[in-house]
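Visitor: I'm passing along input.cif; it holds mmCIF, C-alpha atoms and all ligand atoms.
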```cif
data_coords
loop_
_atom_site.label_atom_id
_atom_site.label_comp_id
_atom_site.auth_asym_id
_atom_site.auth_seq_id
_atom_site.Cartn_x
_atom_site.Cartn_y
_atom_site.Cartn_z
CA MET F 742 82.90 95.83 193.40
CA ARG F 743 80.40 93.17 192.35
CA THR F 744 82.53 90.29 193.57
CA ARG F 745 84.34 92.20 196.32
CA LEU F 746 81.16 93.34 198.10
CA ALA F 747 79.46 89.96 197.92
CA ALA F 748 78.66 88.66 201.43
CA PRO F 749 76.63 85.71 202.74
CA ASP F 750 73.99 87.92 204.38
CA ARG F 751 73.71 90.37 201.50
CA VAL F 752 71.88 90.76 198.21
CA LEU F 753 73.52 93.28 195.87
CA ARG F 754 71.13 95.16 193.61
CA LEU F 755 73.35 96.43 190.82
CA LEU F 756 72.05 99.27 188.69
CA ASP F 757 73.74 100.50 185.54
CA ILE F 758 72.70 102.27 182.36
CA GLY F 759 74.55 99.62 180.40
CA GLU F 760 74.02 95.91 180.15
CA GLN F 761 75.47 93.79 182.96
CA PRO F 762 76.01 90.03 183.14
CA PRO F 763 73.01 88.32 184.71
CA ALA F 764 73.32 86.75 188.16
CA ALA F 765 75.46 83.64 188.03
CA GLU F 766 74.23 80.46 189.68
CA GLY F 767 74.26 81.03 193.46
CA GLU F 768 75.22 84.69 193.13
CA ALA F 769 73.05 86.91 195.37
CA VAL F 770 72.72 89.66 192.81
CA GLU F 771 69.84 91.49 191.20
CA VAL F 772 70.62 93.33 188.00
CA VAL F 773 68.71 96.48 187.05
CA ARG F 774 69.18 98.48 183.87
CA ALA F 775 68.24 102.15 184.29
CA SER F 776 69.60 105.68 184.29
CA VAL F 777 70.36 107.60 187.47
CA THR F 778 68.39 110.45 185.89
CA ASP F 779 65.15 108.41 185.86
CA GLN F 780 63.37 109.18 189.14
CA ALA F 781 60.68 106.50 188.80
CA ALA F 782 63.27 103.82 188.01
CA MET F 783 65.48 104.91 190.89
CA ASP F 784 62.51 104.98 193.29
CA ALA F 785 61.72 101.40 192.31
CA ALA F 786 65.39 100.35 192.56
CA CYS F 787 65.67 101.69 196.12
CA GLU F 788 62.67 99.76 197.40
CA GLY F 789 63.60 97.48 200.32
CA VAL F 790 67.22 98.61 200.23
CA ASP F 791 69.39 99.09 203.37
CA ALA F 792 72.13 101.22 201.82
CA VAL F 793 73.05 102.79 198.49
CA ILE F 794 76.55 103.12 197.06
CA HIS F 795 76.23 105.71 194.30
CA LEU F 796 78.99 105.34 191.71
CA GLY F 797 76.93 106.31 188.66
CA GLY F 798 77.68 109.18 186.31
CA HIS F 799 80.37 110.52 184.03
CA SER F 800 83.80 109.68 185.41
CA VAL F 801 85.73 112.25 183.37
CA GLU F 802 85.20 115.80 182.11
CA ARG F 803 82.21 116.34 179.82
CA PRO F 804 80.29 119.33 178.42
CA TRP F 805 78.41 121.22 181.12
CA ALA F 806 74.92 120.07 180.07
CA GLN F 807 75.91 116.41 180.44
CA VAL F 808 77.63 116.98 183.78
CA LEU F 809 74.61 118.88 185.06
CA ASP F 810 72.12 116.25 183.94
CA VAL F 811 73.89 113.02 184.85
CA ASN F 812 76.22 113.89 187.71
CA ILE F 813 74.39 116.68 189.51
CA ASN F 814 70.71 115.99 188.81
CA GLY F 815 71.50 112.26 188.87
CA THR F 816 72.84 112.54 192.41
CA HIS F 817 69.73 114.43 193.46
CA VAL F 818 67.57 111.68 191.96
CA VAL F 819 69.54 109.00 193.87
CA LEU F 820 69.31 110.82 197.22
CA GLU F 821 65.63 111.55 196.68
CA ALA F 822 64.93 107.91 195.84
CA ALA F 823 66.80 106.87 199.00
CA ARG F 824 64.82 109.31 201.14
CA ARG F 825 61.47 108.27 199.67
CA ASN F 826 62.24 104.63 200.42
CA GLY F 827 63.56 105.15 203.94
CA VAL F 828 67.11 104.07 203.02
CA ARG F 829 69.21 105.04 206.03
CA ARG F 830 72.67 105.23 204.48
CA VAL F 831 74.16 106.50 201.24
CA VAL F 832 77.81 106.36 200.16
CA LEU F 833 78.66 108.84 197.41
CA ALA F 834 81.59 108.65 194.99
CA SER F 835 83.19 112.07 195.17
CA SER F 836 86.63 112.70 193.69
CA ASN F 837 89.98 114.35 194.22
CA HIS F 838 88.87 116.69 191.40
CA ALA F 839 86.51 118.41 193.88
CA VAL F 840 89.72 119.91 195.28
CA GLY F 841 91.89 119.49 192.18
CA PHE F 842 93.50 122.94 192.42
CA TYR F 843 94.87 122.22 195.89
CA GLU F 844 98.62 122.71 195.58
CA ARG F 845 100.72 119.78 196.69
CA SER F 846 103.33 122.18 198.07
CA SER F 847 100.74 123.23 200.71
CA GLY F 848 101.28 119.92 202.50
CA GLU F 849 99.06 116.91 203.15
CA ALA F 850 95.53 117.42 201.85
CA GLY F 851 93.35 117.16 204.93
CA ASP F 852 89.84 115.81 205.22
CA TYR F 853 87.12 118.42 204.53
CA LEU F 854 89.42 120.51 202.36
CA PHE F 855 87.44 123.49 201.02
CA PRO F 856 86.30 122.89 197.40
CA GLN F 857 88.66 123.92 194.60
CA PRO F 858 87.31 122.01 191.60
CA ASP F 859 89.47 121.71 188.51
CA THR F 860 86.76 120.91 185.94
CA TYR F 861 82.97 120.87 185.46
CA TYR F 862 83.29 117.25 186.56
CA GLY F 863 84.98 118.49 189.76
CA VAL F 864 82.13 120.97 190.27
CA SER F 865 79.68 118.07 190.01
CA LYS F 866 81.51 116.32 192.85
CA VAL F 867 81.33 119.46 195.00
CA ALA F 868 77.59 119.55 194.27
CA LEU F 869 77.32 115.85 195.13
CA GLU F 870 78.93 116.53 198.52
CA ALA F 871 76.63 119.50 199.10
CA LEU F 872 73.55 117.43 198.25
CA GLY F 873 74.77 114.70 200.60
CA SER F 874 75.17 117.20 203.41
CA LEU F 875 71.71 118.63 202.69
CA TYR F 876 70.05 115.21 202.87
CA ALA F 877 71.94 114.33 206.04
CA ASN F 878 70.92 117.53 207.82
CA ARG F 879 67.37 117.74 206.48
CA TYR F 880 66.37 114.10 206.66
CA GLY F 881 68.83 112.43 209.03
CA LEU F 882 70.36 110.10 206.44
CA ASP F 883 73.91 108.92 207.08
CA VAL F 884 75.86 110.12 204.05
CA ILE F 885 79.55 109.53 203.40
CA ALA F 886 81.21 111.22 200.44
CA VAL F 887 84.42 109.47 199.42
CA ARG F 888 86.94 111.68 197.61
CA ILE F 889 88.38 108.90 195.49
CA GLY F 890 91.95 109.30 194.25
CA SER F 891 92.58 106.94 191.31
CA CYS F 892 90.83 103.57 191.52
CA PHE F 893 92.39 101.28 188.94
CA GLU F 894 93.93 97.82 189.02
CA ARG F 895 97.36 99.46 189.23
CA PRO F 896 98.77 103.02 189.13
CA ARG F 897 99.12 104.31 185.56
CA ASP F 898 101.57 107.18 186.13
CA ALA F 899 103.75 108.78 188.81
CA ARG F 900 100.90 110.89 190.21
CA MET F 901 98.87 107.76 190.83
CA LEU F 902 101.62 106.42 193.08
CA ALA F 903 100.18 109.01 195.48
CA THR F 904 96.49 108.91 194.52
CA TRP F 905 95.98 105.17 193.98
CA LEU F 906 93.09 103.37 195.63
CA SER F 907 93.37 99.65 195.01
CA PRO F 908 90.08 97.96 194.17
CA ASP F 909 90.49 95.75 197.27
CA ASP F 910 91.01 98.79 199.52
CA CYS F 911 88.06 100.46 197.82
CA ALA F 912 85.89 97.53 198.90
CA ARG F 913 87.37 97.72 202.42
CA LEU F 914 86.54 101.43 202.57
CA PHE F 915 82.98 100.87 201.35
CA GLU F 916 82.50 98.17 203.99
CA ALA F 917 83.66 100.64 206.64
CA CYS F 918 81.26 103.25 205.25
CA LEU F 919 78.40 100.75 205.46
CA SER F 920 79.11 99.55 208.99
CA ALA F 921 80.35 102.61 210.93
CA PRO F 922 77.78 103.40 213.64
CA SER F 923 75.83 106.63 213.01
CA PRO F 924 78.43 108.55 210.99
CA GLY F 925 76.10 111.40 210.03
CA PHE F 926 77.68 113.35 207.16
CA ARG F 927 81.37 112.71 206.43
CA VAL F 928 83.88 113.51 203.74
CA VAL F 929 86.77 111.05 203.60
CA TRP F 930 89.67 110.45 201.24
CA GLY F 931 89.57 107.24 199.25
CA VAL F 932 93.19 106.15 198.87
CA SER F 933 95.37 103.20 199.74
CA ASP F 934 98.09 103.54 202.34
CA ASN F 935 100.60 104.58 199.67
CA THR F 936 104.13 105.45 200.74
CA ARG F 937 103.87 108.56 198.49
CA ARG F 938 100.34 109.49 199.59
CA TRP F 939 99.46 113.23 199.88
CA PHE F 940 96.05 112.71 201.44
CA SER F 941 94.91 112.32 205.02
CA LEU F 942 93.55 108.95 206.02
CA ASP F 943 92.40 110.13 209.45
CA GLU F 944 88.68 110.44 208.73
CA ALA F 945 88.52 107.23 206.71
CA ARG F 946 90.35 105.38 209.50
CA ALA F 947 87.93 106.88 212.03
CA LEU F 948 85.16 105.07 210.14
CA GLY F 949 87.04 101.79 210.56
CA TYR F 950 88.87 101.65 207.21
CA GLN F 951 92.06 99.61 207.38
CA PRO F 952 93.89 99.90 204.05
CA LYS F 953 96.19 97.04 203.16
CA ASP F 954 97.72 98.09 199.84
CA ASP F 955 100.59 100.43 198.90
CA SER F 956 101.31 101.56 195.31
CA GLU F 957 105.04 101.43 196.05
CA VAL F 958 105.17 97.85 194.78
CA PHE F 959 104.49 99.30 191.29
CA ALA F 960 106.88 102.26 191.55
CA ALA F 961 109.60 100.71 189.40
CA ASP F 962 107.09 100.28 186.52
CA VAL F 963 106.05 103.95 186.47
CA PRO F 964 108.22 106.75 184.97
CA GLU F 965 108.99 109.80 187.16
CA ASP F 966 106.95 112.90 186.30
CA ASP F 967 108.38 116.32 185.41
CA PRO F 968 108.56 118.36 188.66
CA GLU F 969 107.47 121.45 186.65
CA SER F 970 104.34 119.78 185.25
CA LEU F 971 100.76 120.25 186.39
CA ALA F 972 100.77 116.58 187.30
CA HIS F 973 103.32 117.42 189.95
CA LYS F 974 101.87 120.74 191.10
CA TYR F 975 98.18 120.09 191.78
CA VAL F 976 96.14 117.33 193.39
CA GLY F 977 94.06 117.13 190.18
CA GLY F 978 97.21 116.83 188.07
CA MET F 979 96.80 117.28 184.33
CA TRP F 980 93.06 117.83 184.74
CA CYS F 981 93.95 121.40 185.81
CA GLY F 982 95.25 122.15 182.31
CA PRO F 983 93.01 121.65 179.26
CA ALA F 984 89.98 123.77 178.41
CA LEU F 985 86.80 122.94 180.31
CA ASP F 986 84.63 120.36 178.48
CA THR F 987 87.76 118.48 177.44
CA ALA F 988 88.47 115.06 178.92
CA VAL F 989 92.12 114.42 179.90
C1 LIG B 1 88.54 110.66 188.79
O1 LIG B 1 87.71 111.24 189.46
C2 LIG B 1 88.17 109.90 187.58
O2 LIG B 1 86.88 109.36 187.66
C3 LIG B 1 89.15 108.84 187.18
O3 LIG B 1 88.92 108.54 185.84
C4 LIG B 1 90.62 109.18 187.42
O4 LIG B 1 91.10 109.92 186.37
C5 LIG B 1 90.84 109.87 188.76
O5 LIG B 1 89.87 110.83 189.08
C6 LIG B 1 92.23 110.51 188.88
O6 LIG B 1 92.31 111.68 189.25
O7 LIG B 1 93.21 109.83 188.66
#
```
Just give me the structure as structure tokens.
Ligand code: 15L

Guide:
Amino acid sequence: MRTRLAAPDRVLRLLDIGEQPPAAEGEAVEVVRASVTDQAAMDAACEGVDAVIHLGGHSVERPWAQVLDVNINGTHVVLEAARRNGVRRVVLASSNHAVGFYERSSGEAGDYLFPQPDTYYGVSKVALEALGSLYANRYGLDVIAVRIGSCFERPRDARMLATWLSPDDCARLFEACLSAPSPGFRVVWGVSDNTRRWFSLDEARALGYQPKDDSEVFAADVPEDDPESLAHKYVGGMWCGPALDTAV
């Protein structure tokens, strides 16, 4: 997103727990190294900020203590830092795994599908959405939780032909989340306009998102999945299978 969200009237303050390349010559970027669990650091990082896009945390299943600390408490720290600094808008990276046990045979997965997490990680995304709703209702922040499908350069398996969010469309969706007038609290699907998509794009489109990519161009490179497999049955795919604590 670093290059894709660059804009002439914008300074990106990029925060990560790991090391990031310093700002290149002429690049309007500030680099901060900190953990989303560090309240003081997050308070400082949110100073003078117009909007936060919170993508930090574990991106796959982890033991409960780690999920609780980084993904759930970390999201609270981010929202609290935003509130303390008067940041008006927060975009939160939720995931399809918040509703991973939704059965594909039930039809298109609508916006605001009731939570059915498939992992502790999925539970953390349900909690993230709940915290976002709390901060929107309590403090009037605009908060948009994006239930991201699979954001990679290209789909890696047959399931991702449905769940793929191209990095370019991801940037388009974030721009819509940043610019939609007074959205309040929303939950939207983060997917490209894939021919094989199972997810609604109604709420994302209502924000102004205009997806341009379709995973179908990669379909010939991806083997078909077994119609009896978990990958075929549930939105969360294979994540619905292994023991909790175990990354797929
Ligand atoms: C996610 O939420 C993960 O962060 C990512 O690693 C992918 O596995 C994706 O879901 C997916 O379901 O494909």

Visitor: Counting all atoms listed in the file, figure out which residue out of F:Ala839, F:Cys911, F:Leu755, F:Ala947 gets nearest to Gly931 (chain F).

Guide: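 The answer is F:Cys911, which sits nearest to Gly931 (chain F).
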
Visitor: Between CA of Gly873 (chain F) and CA of Arg888 (chain F), measure the distance and give it in Å to one decimal.

Guide: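 The value is 12.9 Å.
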
Visitor: Counting only C-alpha atoms, figure out which residue out of F:Ala850, F:Leu882, F:Ala899, F:Val772 gets nearest to His973 (chain F).

Guide: F:Ala899

Visitor: From the options F:Cys787, F:Leu756, F:Ala806, F:Ala822, which residue's atoms come nearest to Arg774 (chain F), counting all atoms listed in the file?

Guide: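 Of all the options, F:Leu756 lies closest to Arg774 (chain F).
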
Visitor: Could you tell me which of F:Ser970, F:Ser923, F:Thr987, F:Ser907 comes closest to Lys953 (chain F) if we count all atoms listed in the file?

Guide: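 Among F:Ser970, F:Ser923, F:Thr987, F:Ser907, it is F:Ser907 that comes nearest to Lys953 (chain F).
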
Visitor: Please identify all protein, DNA and RNA residues within 10 Å of ligand LIG 1 (chain B), counting only C-alpha atoms and all ligand atoms, and report them as number ranges by chain.

Guide: F: 796, 798-802, 834-839, 841, 862-863, 866, 888-893, 896-898, 900-901, 903-906, 972, 976-980, 988-989

Visitor: So, with all atoms listed in the file as the atoms that count, which of F:Gly949, F:Gln761, F:Tyr861, F:Asp791 lies closest to Asn826 (chain F)?

Guide: F:Asp791

Visitor: Identify which of the residues F:Tyr880, F:Gly848, F:Asn812, F:Arg751 lies closest to Val867 (chain F), counting only C-alpha atoms when measuring atom-to-atom distances.

Guide: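 For Val867 (chain F), the nearest of the given residues is F:Asn812.
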
Visitor: What is the CA of Val832 (chain F)-CA of Arg946 (chain F) distance in Å, reported with one decimal?

Guide: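 So the answer is 15.7 Å.
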
Visitor: What separation in Å, quoted to one decimal, exists between CA of Gln780 (chain F) and CA of Leu875 (chain F)?

Guide: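 Computing it gives 18.5 Å between the two atoms.
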
Visitor: Would you fill out region 958-973 of chain F with N, CA and C atoms and return it as a PDB file, in the frame of the given file?

Guide:
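Once everything was written out, this is rebuild00.pdb:
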```pdb
ATOM      1  N   VAL F 958     104.765  99.102 195.451  1.00  0.00           N
ATOM      2  CA  VAL F 958     105.170  97.850 194.780  1.00  0.00           C
ATOM      3  C   VAL F 958     105.184  98.021 193.255  1.00  0.00           C
ATOM      4  N   PHE F 959     104.509  99.054 192.740  1.00  0.00           N
ATOM      5  CA  PHE F 959     104.490  99.300 191.290  1.00  0.00           C
ATOM      6  C   PHE F 959     105.436 100.426 190.874  1.00  0.00           C
ATOM      7  N   ALA F 960     106.127 101.027 191.834  1.00  0.00           N
ATOM      8  CA  ALA F 960     106.880 102.260 191.550  1.00  0.00           C
ATOM      9  C   ALA F 960     107.909 102.074 190.441  1.00  0.00           C
ATOM     10  N   ALA F 961     108.544 100.928 190.404  1.00  0.00           N
ATOM     11  CA  ALA F 961     109.600 100.710 189.400  1.00  0.00           C
ATOM     12  C   ALA F 961     109.023 100.670 187.978  1.00  0.00           C
ATOM     13  N   ASP F 962     107.712 100.390 187.855  1.00  0.00           N
ATOM     14  CA  ASP F 962     107.090 100.280 186.520  1.00  0.00           C
ATOM     15  C   ASP F 962     106.625 101.630 185.988  1.00  0.00           C
ATOM     16  N   VAL F 963     106.677 102.664 186.830  1.00  0.00           N
ATOM     17  CA  VAL F 963     106.050 103.950 186.470  1.00  0.00           C
ATOM     18  C   VAL F 963     107.134 105.011 186.300  1.00  0.00           C
ATOM     19  N   PRO F 964     107.183 105.720 185.147  1.00  0.00           N
ATOM     20  CA  PRO F 964     108.220 106.750 184.970  1.00  0.00           C
ATOM     21  C   PRO F 964     107.991 107.942 185.894  1.00  0.00           C
ATOM     22  N   GLU F 965     109.081 108.576 186.343  1.00  0.00           N
ATOM     23  CA  GLU F 965     108.990 109.800 187.160  1.00  0.00           C
ATOM     24  C   GLU F 965     108.271 110.879 186.367  1.00  0.00           C
ATOM     25  N   ASP F 966     107.543 111.790 187.053  1.00  0.00           N
ATOM     26  CA  ASP F 966     106.950 112.900 186.300  1.00  0.00           C
ATOM     27  C   ASP F 966     107.871 114.133 186.371  1.00  0.00           C
ATOM     28  N   ASP F 967     107.607 115.086 185.475  1.00  0.00           N
ATOM     29  CA  ASP F 967     108.380 116.320 185.410  1.00  0.00           C
ATOM     30  C   ASP F 967     107.981 117.190 186.598  1.00  0.00           C
ATOM     31  N   PRO F 968     108.928 117.573 187.467  1.00  0.00           N
ATOM     32  CA  PRO F 968     108.560 118.360 188.660  1.00  0.00           C
ATOM     33  C   PRO F 968     107.928 119.707 188.319  1.00  0.00           C
ATOM     34  N   GLU F 969     108.084 120.171 187.061  1.00  0.00           N
ATOM     35  CA  GLU F 969     107.470 121.450 186.650  1.00  0.00           C
ATOM     36  C   GLU F 969     106.063 121.248 186.100  1.00  0.00           C
ATOM     37  N   SER F 970     105.623 120.015 185.919  1.00  0.00           N
ATOM     38  CA  SER F 970     104.340 119.780 185.250  1.00  0.00           C
ATOM     39  C   SER F 970     103.162 119.958 186.197  1.00  0.00           C
ATOM     40  N   LEU F 971     101.984 120.144 185.588  1.00  0.00           N
ATOM     41  CA  LEU F 971     100.760 120.250 186.390  1.00  0.00           C
ATOM     42  C   LEU F 971     100.548 118.987 187.209  1.00  0.00           C
ATOM     43  N   ALA F 972     100.944 117.865 186.617  1.00  0.00           N
ATOM     44  CA  ALA F 972     100.770 116.580 187.300  1.00  0.00           C
ATOM     45  C   ALA F 972     101.476 116.601 188.646  1.00  0.00           C
ATOM     46  N   HIS F 973     102.549 117.358 188.718  1.00  0.00           N
ATOM     47  CA  HIS F 973     103.320 117.420 189.950  1.00  0.00           C
ATOM     48  C   HIS F 973     102.791 118.506 190.880  1.00  0.00           C
TER      49      HIS F 973
END
```
